[in-house]
file input-v3.cif (mmCIF, C-alpha atoms and all ligand atoms)
data_data
#
loop_
_atom_site.label_atom_id
_atom_site.label_comp_id
_atom_site.auth_asym_id
_atom_site.auth_seq_id
_atom_site.Cartn_x
_atom_site.Cartn_y
_atom_site.Cartn_z
CA MET A 1 98.63 112.46 120.36
CA LYS A 2 99.48 108.79 119.87
CA GLN A 3 101.69 107.19 122.48
CA ALA A 4 104.95 105.82 121.10
CA ALA A 5 105.71 102.23 122.04
CA ALA A 6 109.01 100.96 123.51
CA THR A 7 110.07 104.30 124.91
CA VAL A 8 111.79 103.01 128.02
CA ALA A 9 115.54 103.49 127.92
CA ASP A 10 117.69 100.42 128.67
CA PRO A 11 120.53 101.76 130.87
CA ALA A 12 123.14 99.40 129.38
CA LEU A 13 122.29 100.49 125.83
CA ILE A 14 122.24 104.15 126.82
CA ALA A 15 125.68 103.83 128.45
CA ALA A 16 127.04 102.10 125.35
CA ALA A 17 125.56 104.76 123.08
CA ALA A 18 126.98 107.57 125.21
CA ALA A 19 130.42 105.91 125.04
CA ILE A 20 130.22 105.71 121.24
CA LEU A 21 129.41 109.44 121.10
CA GLU A 22 132.24 110.27 123.50
CA GLU A 23 134.65 108.36 121.24
CA GLY A 24 133.58 110.39 118.22
CA GLY A 25 131.17 107.83 116.72
CA LEU A 26 127.62 108.22 115.41
CA VAL A 27 124.45 107.10 117.20
CA ALA A 28 120.95 107.23 115.75
CA PHE A 29 118.39 107.94 118.45
CA PRO A 30 114.65 108.50 118.71
CA THR A 31 113.16 111.92 119.35
CA GLU A 32 109.51 112.87 119.59
CA THR A 33 109.73 114.51 116.13
CA VAL A 34 111.87 112.18 113.98
CA TYR A 35 114.97 110.03 114.60
CA GLY A 36 118.25 111.93 114.78
CA LEU A 37 121.77 110.99 113.69
CA GLY A 38 123.90 112.18 116.59
CA ALA A 39 127.56 113.08 117.14
CA ASP A 40 129.48 115.01 119.79
CA ALA A 41 128.80 118.64 118.88
CA GLU A 42 132.19 119.70 120.28
CA ASN A 43 134.14 117.25 118.12
CA PRO A 44 134.49 118.55 114.53
CA ASP A 45 135.68 115.15 113.22
CA ALA A 46 132.61 113.47 114.67
CA VAL A 47 130.36 116.14 113.16
CA ALA A 48 132.10 115.64 109.79
CA ARG A 49 131.07 111.95 109.98
CA ILE A 50 127.40 113.02 110.10
CA TYR A 51 127.75 114.97 106.86
CA GLU A 52 129.57 112.07 105.24
CA ALA A 53 126.99 109.48 106.34
CA LYS A 54 124.07 111.62 105.16
CA GLY A 55 125.67 112.87 101.96
CA ARG A 56 124.72 116.31 103.20
CA PRO A 57 126.24 119.47 101.72
CA HIS A 58 128.55 121.20 104.19
CA ASP A 59 126.74 124.52 104.12
CA HIS A 60 123.73 123.14 106.02
CA PRO A 61 124.02 123.60 109.79
CA VAL A 62 122.92 120.92 112.28
CA ILE A 63 120.89 121.34 115.47
CA VAL A 64 122.57 120.84 118.87
CA HIS A 65 120.49 118.73 121.29
CA VAL A 66 120.92 119.25 125.02
CA ALA A 67 119.58 117.68 128.22
CA PRO A 68 116.81 119.37 130.22
CA GLY A 69 118.24 122.18 132.34
CA ALA A 70 121.37 122.56 130.17
CA ASP A 71 123.31 125.81 130.46
CA LEU A 72 122.43 127.74 127.29
CA GLY A 73 125.17 130.23 128.17
CA TYR A 74 127.75 127.55 127.36
CA TRP A 75 126.47 127.12 123.80
CA THR A 76 125.21 130.59 122.93
CA THR A 77 126.32 134.14 123.63
CA ASP A 78 123.11 136.06 123.84
CA VAL A 79 119.89 134.57 125.11
CA PRO A 80 117.10 137.13 124.91
CA GLU A 81 114.44 136.96 127.59
CA GLU A 82 111.91 135.91 124.93
CA ALA A 83 114.08 132.91 123.98
CA ARG A 84 114.28 131.87 127.63
CA LYS A 85 110.52 132.07 127.87
CA LEU A 86 110.12 129.84 124.82
CA ALA A 87 112.58 127.30 126.20
CA GLN A 88 110.74 127.34 129.49
CA ALA A 89 107.35 126.92 127.83
CA PHE A 90 108.22 124.27 125.23
CA TRP A 91 111.34 122.36 126.34
CA PRO A 92 111.69 119.46 126.51
CA GLY A 93 109.76 119.45 123.24
CA PRO A 94 109.61 119.95 119.47
CA LEU A 95 110.99 123.49 119.26
CA THR A 96 114.41 124.58 117.95
CA LEU A 97 115.70 128.04 118.85
CA ILE A 98 118.31 129.71 116.64
CA LEU A 99 120.60 131.78 118.86
CA LYS A 100 123.99 133.50 118.59
CA ARG A 101 126.73 130.87 118.58
CA HIS A 102 129.31 130.64 121.35
CA PRO A 103 132.89 129.75 120.30
CA ASN A 104 132.38 126.42 122.16
CA ILE A 105 130.43 125.37 119.06
CA PRO A 106 132.77 124.43 116.21
CA ASP A 107 132.24 125.92 112.73
CA ALA A 108 131.36 122.45 111.42
CA VAL A 109 128.10 122.45 113.42
CA SER A 110 126.84 125.79 112.23
CA ALA A 111 128.27 125.67 108.70
CA GLY A 112 130.26 128.77 109.51
CA GLN A 113 127.19 130.86 110.42
CA ASP A 114 127.30 132.95 113.59
CA SER A 115 124.18 131.25 114.95
CA VAL A 116 123.34 127.80 116.27
CA GLY A 117 120.10 125.81 116.51
CA MET A 118 119.43 124.50 120.04
CA ARG A 119 116.82 121.96 121.05
CA CYS A 120 115.96 119.89 124.12
CA PRO A 121 113.94 116.88 122.91
CA SER A 122 111.26 115.21 125.07
CA HIS A 123 111.59 111.56 124.03
CA PRO A 124 112.67 109.61 127.14
CA VAL A 125 115.38 107.70 125.24
CA ALA A 126 116.80 110.97 123.86
CA ILE A 127 116.76 112.51 127.33
CA ALA A 128 118.45 109.46 128.86
CA LEU A 129 121.16 109.61 126.18
CA LEU A 130 121.72 113.36 126.66
CA GLN A 131 121.93 112.89 130.43
CA ALA A 132 124.45 110.04 130.11
CA PHE A 133 126.64 111.67 127.44
CA LYS A 134 129.44 113.70 129.12
CA GLY A 135 127.48 113.55 132.36
CA GLY A 136 124.63 115.61 130.87
CA LYS A 137 126.94 118.51 129.99
CA GLY A 138 127.47 117.63 126.33
CA GLY A 139 125.67 118.65 123.20
CA VAL A 140 124.63 116.17 120.54
CA ALA A 141 124.67 117.56 117.02
CA ALA A 142 121.95 115.74 115.10
CA PRO A 143 120.12 116.17 111.84
CA SER A 144 117.34 113.77 110.93
CA ALA A 145 118.75 110.25 110.42
CA ASN A 146 118.10 109.99 106.69
CA LYS A 147 120.17 110.44 103.55
CA PHE A 148 120.09 114.06 102.40
CA GLY A 149 116.82 114.99 100.68
CA ASN A 150 115.01 111.77 101.66
CA VAL A 151 111.97 111.36 103.89
CA SER A 152 112.87 111.68 107.59
CA PRO A 153 112.72 108.47 109.69
CA THR A 154 110.06 108.03 112.38
CA THR A 155 111.07 104.50 113.44
CA ALA A 156 114.39 102.72 114.08
CA GLN A 157 113.59 100.47 111.12
CA HIS A 158 113.36 103.53 108.84
CA VAL A 159 116.87 104.48 109.98
CA ARG A 160 118.21 101.00 109.24
CA ASP A 161 116.50 101.10 105.83
CA GLU A 162 118.16 104.45 105.06
CA PHE A 163 121.63 103.17 105.88
CA GLY A 164 121.24 99.59 104.59
CA MET A 165 121.56 97.90 107.98
CA ASP A 166 120.09 94.63 109.32
CA ALA A 167 117.88 94.61 112.41
CA HIS A 168 120.76 93.22 114.52
CA ASP A 169 123.22 95.86 113.30
CA ASP A 170 123.28 97.74 116.54
CA GLY A 171 127.03 98.09 116.74
CA ALA A 172 127.70 97.90 120.42
CA LEU A 173 125.66 94.91 121.53
CA ASN A 174 127.55 92.31 119.65
CA GLY A 175 131.17 92.58 118.54
CA ASP A 176 130.47 90.56 115.38
CA ASP A 177 128.09 93.19 114.14
CA ALA A 178 130.12 96.25 114.91
CA CYS A 179 131.81 96.32 111.53
CA SER A 180 128.65 95.67 109.53
CA ALA A 181 126.94 98.62 111.21
CA GLY A 182 128.62 100.88 108.64
CA PRO A 183 128.91 104.54 109.57
CA LEU A 184 126.44 104.22 112.47
CA GLY A 185 127.81 102.90 115.77
CA MET A 186 124.33 102.18 117.07
CA VAL A 187 120.62 102.70 116.43
CA LEU A 188 118.62 103.18 119.64
CA GLU A 189 115.02 101.94 119.55
CA GLY A 190 112.24 104.21 120.71
CA GLY A 191 109.03 103.25 118.91
CA SER A 192 107.25 105.54 116.46
CA SER A 193 108.07 109.24 116.89
CA GLU A 194 104.91 110.71 118.35
CA VAL A 195 104.95 114.08 116.54
CA GLY A 196 106.16 112.65 113.22
CA ILE A 197 107.46 115.84 111.55
CA GLU A 198 110.55 117.85 112.44
CA SER A 199 110.66 120.53 115.12
CA THR A 200 109.39 124.05 114.66
CA ILE A 201 112.43 126.33 114.10
CA VAL A 202 112.32 129.93 115.31
CA ASP A 203 115.19 132.32 114.68
CA MET A 204 115.75 134.35 117.85
CA SER A 205 119.29 135.39 116.86
CA ARG A 206 118.26 138.69 115.26
CA LEU A 207 115.45 139.57 117.62
CA ALA A 208 116.36 143.24 118.04
CA THR A 209 116.38 143.94 114.30
CA HIS A 210 114.02 141.37 112.79
CA GLY A 211 111.90 140.02 115.66
CA PRO A 212 111.26 136.26 115.85
CA VAL A 213 111.29 134.50 112.45
CA LEU A 214 109.64 131.13 111.73
CA LEU A 215 112.21 129.19 109.69
CA ARG A 216 110.29 125.88 109.68
CA PRO A 217 106.69 125.32 110.80
CA GLY A 218 105.99 122.28 112.99
CA HIS A 219 103.81 120.89 115.74
CA ILE A 220 104.32 124.01 117.88
CA SER A 221 102.46 126.69 115.94
CA ALA A 222 103.35 130.34 115.32
CA GLN A 223 100.31 131.26 117.42
CA GLN A 224 101.51 129.17 120.39
CA ILE A 225 104.83 131.04 120.17
CA ALA A 226 103.04 134.36 120.02
CA ASP A 227 100.98 133.39 123.08
CA VAL A 228 104.23 133.06 125.07
CA ILE A 229 106.25 136.06 123.84
CA GLY A 230 103.57 138.41 122.55
CA MET A 231 105.07 138.54 119.06
CA LEU A 232 103.96 136.49 116.07
CA PRO A 233 107.01 135.01 114.28
CA ALA A 234 107.40 136.39 110.76
CA ALA A 235 108.02 134.42 107.56
CA PRO A 236 111.74 134.15 106.62
CA ASP A 237 113.36 137.12 104.85
CA GLN A 238 116.33 137.07 102.45
CA ALA A 239 118.88 137.51 105.23
CA ALA A 240 117.42 134.80 107.49
CA PRO A 241 119.81 132.02 108.53
CA ARG A 242 119.81 129.08 106.12
CA ALA A 243 117.78 125.98 106.90
CA SER A 244 118.08 122.94 104.61
CA GLY A 245 114.70 121.58 105.64
CA THR A 246 113.52 124.72 103.93
CA LEU A 247 114.98 123.78 100.54
CA GLU A 248 112.29 123.68 97.91
CA SER A 249 112.82 119.97 97.28
CA HIS A 250 113.15 117.77 100.37
CA TYR A 251 111.41 114.91 102.18
CA ALA A 252 110.97 113.16 98.82
CA PRO A 253 110.46 109.42 98.23
CA ARG A 254 111.88 107.83 95.05
CA THR A 255 108.45 107.47 93.44
CA PRO A 256 107.15 110.78 92.04
CA VAL A 257 104.65 112.39 94.43
CA THR A 258 102.03 114.91 93.50
CA MET A 259 99.08 116.52 95.24
CA LEU A 260 95.52 117.02 93.99
CA ALA A 261 92.32 118.22 95.62
CA ALA A 262 89.83 115.37 96.24
CA ASP A 263 87.62 116.17 93.19
CA ALA A 264 90.51 116.44 90.75
CA LEU A 265 92.05 113.31 92.23
CA ALA A 266 88.86 111.28 91.72
CA GLU A 267 88.70 112.49 88.13
CA THR A 268 92.39 111.92 87.30
CA LEU A 269 92.84 108.51 88.93
CA PRO A 270 90.83 106.48 86.35
CA LYS A 271 92.59 108.28 83.49
CA LEU A 272 95.98 107.31 84.88
CA GLN A 273 94.81 103.76 85.47
CA ALA A 274 93.51 103.57 81.89
CA ARG A 275 97.08 104.29 80.82
CA GLY A 276 98.34 101.44 82.96
CA VAL A 277 99.85 103.71 85.65
CA LYS A 278 99.86 102.11 89.09
CA VAL A 279 98.85 104.76 91.61
CA ALA A 280 99.35 104.80 95.39
CA LEU A 281 96.95 107.12 97.22
CA ILE A 282 97.42 109.02 100.46
CA GLY A 283 94.28 110.76 101.67
CA HIS A 284 92.41 111.86 104.73
CA ALA A 285 88.84 111.97 103.42
CA LEU A 286 88.91 110.02 100.13
CA PRO A 287 86.04 107.59 99.60
CA ALA A 288 87.09 103.99 100.21
CA SER A 289 85.46 103.16 96.87
CA LEU A 290 88.44 104.67 95.00
CA ALA A 291 90.39 101.62 93.89
CA ALA A 292 94.14 102.09 93.62
CA ASN A 293 97.30 100.01 93.63
CA ALA A 294 97.77 101.01 97.30
CA HIS A 295 95.80 103.28 99.60
CA ARG A 296 96.65 104.89 102.95
CA VAL A 297 94.07 106.89 104.86
CA LEU A 298 95.55 109.31 107.40
CA PRO A 299 93.54 110.93 110.21
CA ALA A 300 91.72 114.14 109.23
CA ASP A 301 93.33 116.10 112.10
CA PRO A 302 96.78 117.72 111.70
CA THR A 303 98.37 115.95 114.69
CA GLY A 304 97.30 112.48 113.61
CA TYR A 305 98.12 113.25 109.98
CA ALA A 306 101.66 114.43 110.84
CA TYR A 307 102.19 111.33 112.97
CA GLY A 308 101.49 109.05 109.99
CA LEU A 309 102.76 111.12 107.07
CA TYR A 310 106.39 110.00 106.71
CA ALA A 311 105.60 106.31 107.28
CA ALA A 312 102.85 106.63 104.64
CA LEU A 313 105.28 108.16 102.11
CA ARG A 314 107.84 105.42 102.82
CA ASP A 315 105.27 102.62 102.66
CA MET A 316 103.70 103.91 99.44
CA ASP A 317 107.21 104.19 97.98
CA GLN A 318 107.52 100.40 98.43
CA THR A 319 104.37 99.46 96.52
CA GLY A 320 105.83 99.39 93.01
CA SER A 321 103.58 102.28 92.02
CA GLY A 322 104.46 104.74 89.27
CA LEU A 323 102.98 107.68 91.15
CA ILE A 324 102.01 108.64 94.70
CA LEU A 325 98.92 110.86 94.64
CA VAL A 326 98.22 112.83 97.81
CA GLU A 327 94.81 114.36 98.48
CA THR A 328 95.51 118.04 99.29
CA PRO A 329 95.09 118.44 103.05
CA PRO A 330 93.13 121.33 104.62
CA GLN A 331 94.99 124.67 104.45
CA GLY A 332 94.31 126.11 107.95
CA ALA A 333 97.08 127.38 110.23
CA ASP A 334 97.02 124.10 112.20
CA TRP A 335 98.06 122.31 109.04
CA ALA A 336 101.11 124.55 108.29
CA GLY A 337 103.72 121.92 109.26
CA VAL A 338 102.06 119.15 107.21
CA ASN A 339 101.58 121.38 104.16
CA ASP A 340 105.16 122.66 104.35
CA ARG A 341 106.57 119.10 104.26
CA LEU A 342 104.18 117.96 101.51
CA ARG A 343 104.99 121.00 99.38
CA ARG A 344 108.67 120.02 99.48
CA SER A 345 107.92 116.33 98.81
CA VAL A 346 106.00 117.22 95.65
CA PHE A 347 108.38 119.94 94.49
CA GLY A 348 109.16 119.67 90.77
CA SER A 349 106.27 117.26 90.11
CA ALA A 350 103.98 119.78 88.42
CA GLY A 351 104.24 118.15 84.99
CA VAL A 352 104.25 114.55 86.12
CA ILE A 353 100.54 113.79 85.58
CA ALA A 354 100.48 115.43 82.17
CA SER A 355 103.50 113.43 81.07
CA LEU A 356 102.02 110.14 82.38
CA LEU A 357 98.80 110.88 80.45
CA LYS A 358 100.60 111.69 77.21
O1 LIG B 401 113.00 117.75 114.90
C1 LIG B 401 114.12 118.03 114.52
O2 LIG B 401 114.52 119.21 114.44
C2 LIG B 401 115.04 116.88 114.11
C3 LIG B 401 115.38 116.06 115.35
C4 LIG B 401 116.41 115.00 115.08
O3 LIG B 401 115.78 116.91 116.38
N1 LIG B 401 116.21 117.37 113.48
C5 LIG B 401 116.19 117.87 112.23
O4 LIG B 401 117.45 118.19 111.78
O5 LIG B 401 115.19 118.01 111.57
P1 LIG B 401 117.75 118.53 110.26
O6 LIG B 401 119.22 118.75 110.19
O7 LIG B 401 117.19 117.49 109.37
O8 LIG B 401 117.04 119.88 110.07
C6 LIG B 401 117.49 120.94 110.88
C7 LIG B 401 117.22 122.22 110.22
C8 LIG B 401 117.94 122.35 108.92
O9 LIG B 401 117.02 122.89 108.01
C9 LIG B 401 119.07 123.30 109.25
O10 LIG B 401 119.47 124.02 108.12
C10 LIG B 401 118.42 124.16 110.32
O11 LIG B 401 117.70 123.25 111.07
N2 LIG B 401 119.41 124.80 111.15
C11 LIG B 401 120.27 124.25 112.01
N3 LIG B 401 121.07 125.18 112.55
C12 LIG B 401 120.69 126.36 112.02
C13 LIG B 401 121.14 127.69 112.12
N4 LIG B 401 122.16 128.03 112.90
N5 LIG B 401 120.51 128.62 111.41
C14 LIG B 401 119.49 128.29 110.61
N6 LIG B 401 119.03 127.07 110.44
C15 LIG B 401 119.63 126.10 111.13
MG MG B 402 116.39 116.56 107.82
#
call {"tool": "encode", "arguments": {"input": "input-v3.cif", "output": "structure tokens", "more": "lines below"}}
Ligand code: TXA
Ligand code: MG
result
Amino acid sequence: MKQAAATVADPALIAAAAAILEEGGLVAFPTETVYGLGADAENPDAVARIYEAKGRPHDHPVIVHVAPGADLGYWTTDVPEEARKLAQAFWPGPLTLILKRHPNIPDAVSAGQDSVGMRCPSHPVAIALLQAFKGGKGGVAAPSANKFGNVSPTTAQHVRDEFGMDAHDDGALNGDDACSAGPLGMVLEGGSSEVGIESTIVDMSRLATHGPVLLRPGHISAQQIADVIGMLPAAPDQAAPRASGTLESHYAPRTPVTMLAADALAETLPKLQARGVKVALIGHALPASLAANAHRVLPADPTGYAYGLYAALRDMDQTGSGLILVETPPQGADWAGVNDRLRRSVFGSAGVIASLLK
């Protein structure tokens, strides 16, 4: 896995960020998966500010982030042994556990559901923030720090781009900037998120009746979970708790995105170009000889590919192209997280090539 740069937490910035959270403000912070937009999980007004800033519908619950060693019994009512084992095996790290919600969690966090998503992230800046906030006893409610439906941010600059902020709009450092920081009190820097796609989500709240359910695939695979608890998480059923990252359309740049296998891509590209369509390519094995308006080659392994995927979608979105064409990645189990996100990015684009070729 690539090492993220600039991951050392500056104590003065962390203290300032924790103070903003304690006052009910919003702080964007790095995690190893993607950047989060955090608020005090126990303050419904602060949580409402997240929804407002993101333009997120209110029926989509947010994950509560806690420091290493946090007391799960404060946040949840029933922690099955299997959930404890998963927390022990994978926290701090890119795994979210859905558990029964304790009344300490306001309705606003869980969108009225009786469950709550809990996660202990491993990024050192996130850990420092969680340890400083309420003396390490708080919970930070945080979705990904992007506008609803957009590509998740994997750098602090992506966050600023999402919310129309300048590089010096850090809120707390400089009084002059505080007002121009908009809805975000501060953006903490932490380099490029080393995983690059959102956490794996496993529903453990209905274990007795449904077993573990994989609500969102990610870097931690279903098999790794099975290796720890002896049960392979099932695909979501109708009654599974809602997860907005599981909407059919999500993680989408403004430019239409579609996916084609390498052969079909090589055949279609010149036809599109003959029609004057500027095409941006994202591939992992495409020949360099394919000339396009823009071209990003991602590593041909799922970890490296996930690390670069969201930055590639954002960068290709900025190239003035009429279409982003993605070479279909391999379909093996290791690629489940990548394929899940790409499927949602391309959702609704089935007719786009045909209409461009008309
Ligand atoms: O890696 C991550 O999980 C990142 C970082 C910031 O931690 N967060 C993230 O949050 O991806 P968000 O809000 O973009 O996606 C969280 C997903 C959503 O699909 C939400 O619906 C689901 O988690 N979720 C949260 N609480 C839930 C619950 N109680 N039941 C079912 N799904 C839940
Ligand atoms: Mg999100």
call {"tool": "closest_atom_pairs", "arguments": {"input": "input-v3.cif", "of": "chain A", "to": "ligand MG 402 (chain B)", "cutoff": "10 Å", "atoms": "all atoms listed in the file", "output": "Markdown table"}}
result
| residue | atom | partner | partner_atom | distance |
| --- | --- | --- | --- | --- |
| A:Val34 | CA | B:MG402 | MG | 8.8 |
| A:Tyr35 | CA | B:MG402 | MG | 9.5 |
| A:Gly36 | CA | B:MG402 | MG | 8.6 |
| A:Leu37 | CA | B:MG402 | MG | 9.7 |
| A:Lys54 | CA | B:MG402 | MG | 9.5 |
| A:Arg56 | CA | B:MG402 | MG | 9.5 |
| A:Val62 | CA | B:MG402 | MG | 9.0 |
| A:Ala142 | CA | B:MG402 | MG | 9.2 |
| A:Pro143 | CA | B:MG402 | MG | 5.5 |
| A:Ser144 | CA | B:MG402 | MG | 4.3 |
| A:Ala145 | CA | B:MG402 | MG | 7.2 |
| A:Asn146 | CA | B:MG402 | MG | 6.9 |
| A:Lys147 | CA | B:MG402 | MG | 8.4 |
| A:Phe148 | CA | B:MG402 | MG | 7.0 |
| A:Gly149 | CA | B:MG402 | MG | 7.3 |
| A:Asn150 | CA | B:MG402 | MG | 7.9 |
| A:Val151 | CA | B:MG402 | MG | 7.9 |
| A:Ser152 | CA | B:MG402 | MG | 6.0 |
| A:Pro153 | CA | B:MG402 | MG | 9.1 |
| A:Ile197 | CA | B:MG402 | MG | 9.7 |
| A:Glu198 | CA | B:MG402 | MG | 7.6 |
| A:Ala243 | CA | B:MG402 | MG | 9.6 |
| A:Ser244 | CA | B:MG402 | MG | 7.3 |
| A:Gly245 | CA | B:MG402 | MG | 5.7 |
| A:Thr246 | CA | B:MG402 | MG | 9.5 |
| A:His250 | CA | B:MG402 | MG | 8.2 |
| A:Tyr251 | CA | B:MG402 | MG | 7.7 |
call {"tool": "closest_residue", "arguments": {"input": "input-v3.cif", "among": "A:Gly196, A:Pro330, A:Gly190, A:Pro183", "to": "ligand LIG 401 (chain B)", "atoms": "only C-alpha atoms and all ligand atoms"}}
result
A:Gly196
call {"tool": "axis_aligned_box", "arguments": {"input": "input-v3.cif", "around": "ligand LIG 401 (chain B)", "padding_each_side": "4 Å", "output": "lines of an AutoDock Vina configuration file"}}
result
center_x = 117.6
center_y = 121.8
center_z = 112.2
size_x = 17.2
size_y = 21.6
size_z = 16.4
call {"tool": "atom_distance", "arguments": {"input": "input-v3.cif", "atom1": "CA of Ala15 in chain A", "atom2": "CA of Tyr51 in chain A"}}
result
24.4 Å
call {"tool": "residues_near_point", "arguments": {"input": "input-v3.cif", "point": "(131.7, 117.4, 119.2)", "cutoff": "10 Å", "atoms": "all atoms listed in the file", "output": "short mmCIF file (atom, residue, chain, number, x, y, z; two decimals) with C-alpha atoms, keeping the file's coordinate frame"}}
result
data_model
loop_
_atom_site.label_atom_id
_atom_site.label_comp_id
_atom_site.auth_asym_id
_atom_site.auth_seq_id
_atom_site.Cartn_x
_atom_site.Cartn_y
_atom_site.Cartn_z
CA LEU A 21 129.41 109.44 121.10
CA GLU A 22 132.24 110.27 123.50
CA GLU A 23 134.65 108.36 121.24
CA GLY A 24 133.58 110.39 118.22
CA GLY A 25 131.17 107.83 116.72
CA GLY A 38 123.90 112.18 116.59
CA ALA A 39 127.56 113.08 117.14
CA ASP A 40 129.48 115.01 119.79
CA ALA A 41 128.80 118.64 118.88
CA GLU A 42 132.19 119.70 120.28
CA ASN A 43 134.14 117.25 118.12
CA PRO A 44 134.49 118.55 114.53
CA ASP A 45 135.68 115.15 113.22
CA ALA A 46 132.61 113.47 114.67
CA VAL A 47 130.36 116.14 113.16
CA ALA A 48 132.10 115.64 109.79
CA VAL A 64 122.57 120.84 118.87
CA ASN A 104 132.38 126.42 122.16
CA ILE A 105 130.43 125.37 119.06
CA PRO A 106 132.77 124.43 116.21
CA ALA A 108 131.36 122.45 111.42
CA VAL A 109 128.10 122.45 113.42
CA GLY A 138 127.47 117.63 126.33
CA GLY A 139 125.67 118.65 123.20
CA VAL A 140 124.63 116.17 120.54
CA ALA A 141 124.67 117.56 117.02
#
call {"tool": "closest_residue", "arguments": {"input": "input-v3.cif", "among": "A:Gly185, A:Pro241, A:Pro30, A:Gly69", "to": "ligand LIG 401 (chain B)", "atoms": "all atoms listed in the file"}}
result
A:Pro241
call {"tool": "atom_distance", "arguments": {"input": "input-v3.cif", "atom1": "CA of Pro11 in chain A", "atom2": "CA of Gly73 in chain A"}}
result
29.0 Å
call {"tool": "closest_residue", "arguments": {"input": "input-v3.cif", "among": "A:Leu99, A:Leu13, A:Val277, A:Ala208", "to": "ligand LIG 401 (chain B)", "atoms": "only C-alpha atoms and all ligand atoms"}}
result
A:Leu99
call {"tool": "closest_residue", "arguments": {"input": "input-v3.cif", "among": "A:Ile63, A:Val297, A:Ala292, A:Ala111", "to": "Gly322 in chain A", "atoms": "all atoms listed in the file"}}
result
A:Ala292
call {"tool": "residues_around", "arguments": {"input": "input-v3.cif", "residues": "Glu32 in chain A", "least_positions_apart": "5", "cutoff": "6 Å", "atoms": "all atoms listed in the file", "output": "tab-separated table (two decimals) with C-alpha atoms, keeping the file's coordinate frame"}}
result
chain	number	residue	atom	x	y	z
A	123	HIS	CA	111.59	111.56	124.03
A	193	SER	CA	108.07	109.24	116.89
A	194	GLU	CA	104.91	110.71	118.35
A	195	VAL	CA	104.95	114.08	116.54
call {"tool": "atom_distance", "arguments": {"input": "input-v3.cif", "atom1": "CA of Ala354 in chain A", "atom2": "CA of Ala280 in chain A"}}
result
17.0 Å
call {"tool": "residues_around", "arguments": {"input": "input-v3.cif", "residues": "Leu281 in chain A", "least_positions_apart": "3", "cutoff": "9 Å", "atoms": "all atoms listed in the file", "output": "PyMOL selection string"}}
result
chain A and resi 292-297+316+323-327
call {"tool": "residues_around", "arguments": {"input": "input-v3.cif", "residues": "range 89-95 of chain A", "least_positions_apart": "3", "cutoff": "7 Å", "atoms": "all atoms listed in the file", "output": "list in words"}}
result
Thr33, Pro68, Lys85, Leu86, Arg119, Cys120, Pro121, Ser122, Ser199, Thr200, Ile201, His219 and Ile220 of chain A
call {"tool": "write_last_selection", "arguments": {"input": "input-v3.cif", "atoms": "C-alpha atoms", "output": "PDB file, in the coordinates of the input"}}
result
ATOM      1  CA  THR A  33     109.730 114.510 116.130  1.00  0.00           C
ATOM      2  CA  PRO A  68     116.810 119.370 130.220  1.00  0.00           C
ATOM      3  CA  LYS A  85     110.520 132.070 127.870  1.00  0.00           C
ATOM      4  CA  LEU A  86     110.120 129.840 124.820  1.00  0.00           C
ATOM      5  CA  ARG A 119     116.820 121.960 121.050  1.00  0.00           C
ATOM      6  CA  CYS A 120     115.960 119.890 124.120  1.00  0.00           C
ATOM      7  CA  PRO A 121     113.940 116.880 122.910  1.00  0.00           C
ATOM      8  CA  SER A 122     111.260 115.210 125.070  1.00  0.00           C
ATOM      9  CA  SER A 199     110.660 120.530 115.120  1.00  0.00           C
ATOM     10  CA  THR A 200     109.390 124.050 114.660  1.00  0.00           C
ATOM     11  CA  ILE A 201     112.430 126.330 114.100  1.00  0.00           C
ATOM     12  CA  HIS A 219     103.810 120.890 115.740  1.00  0.00           C
ATOM     13  CA  ILE A 220     104.320 124.010 117.880  1.00  0.00           C
TER      14      ILE A 220
END
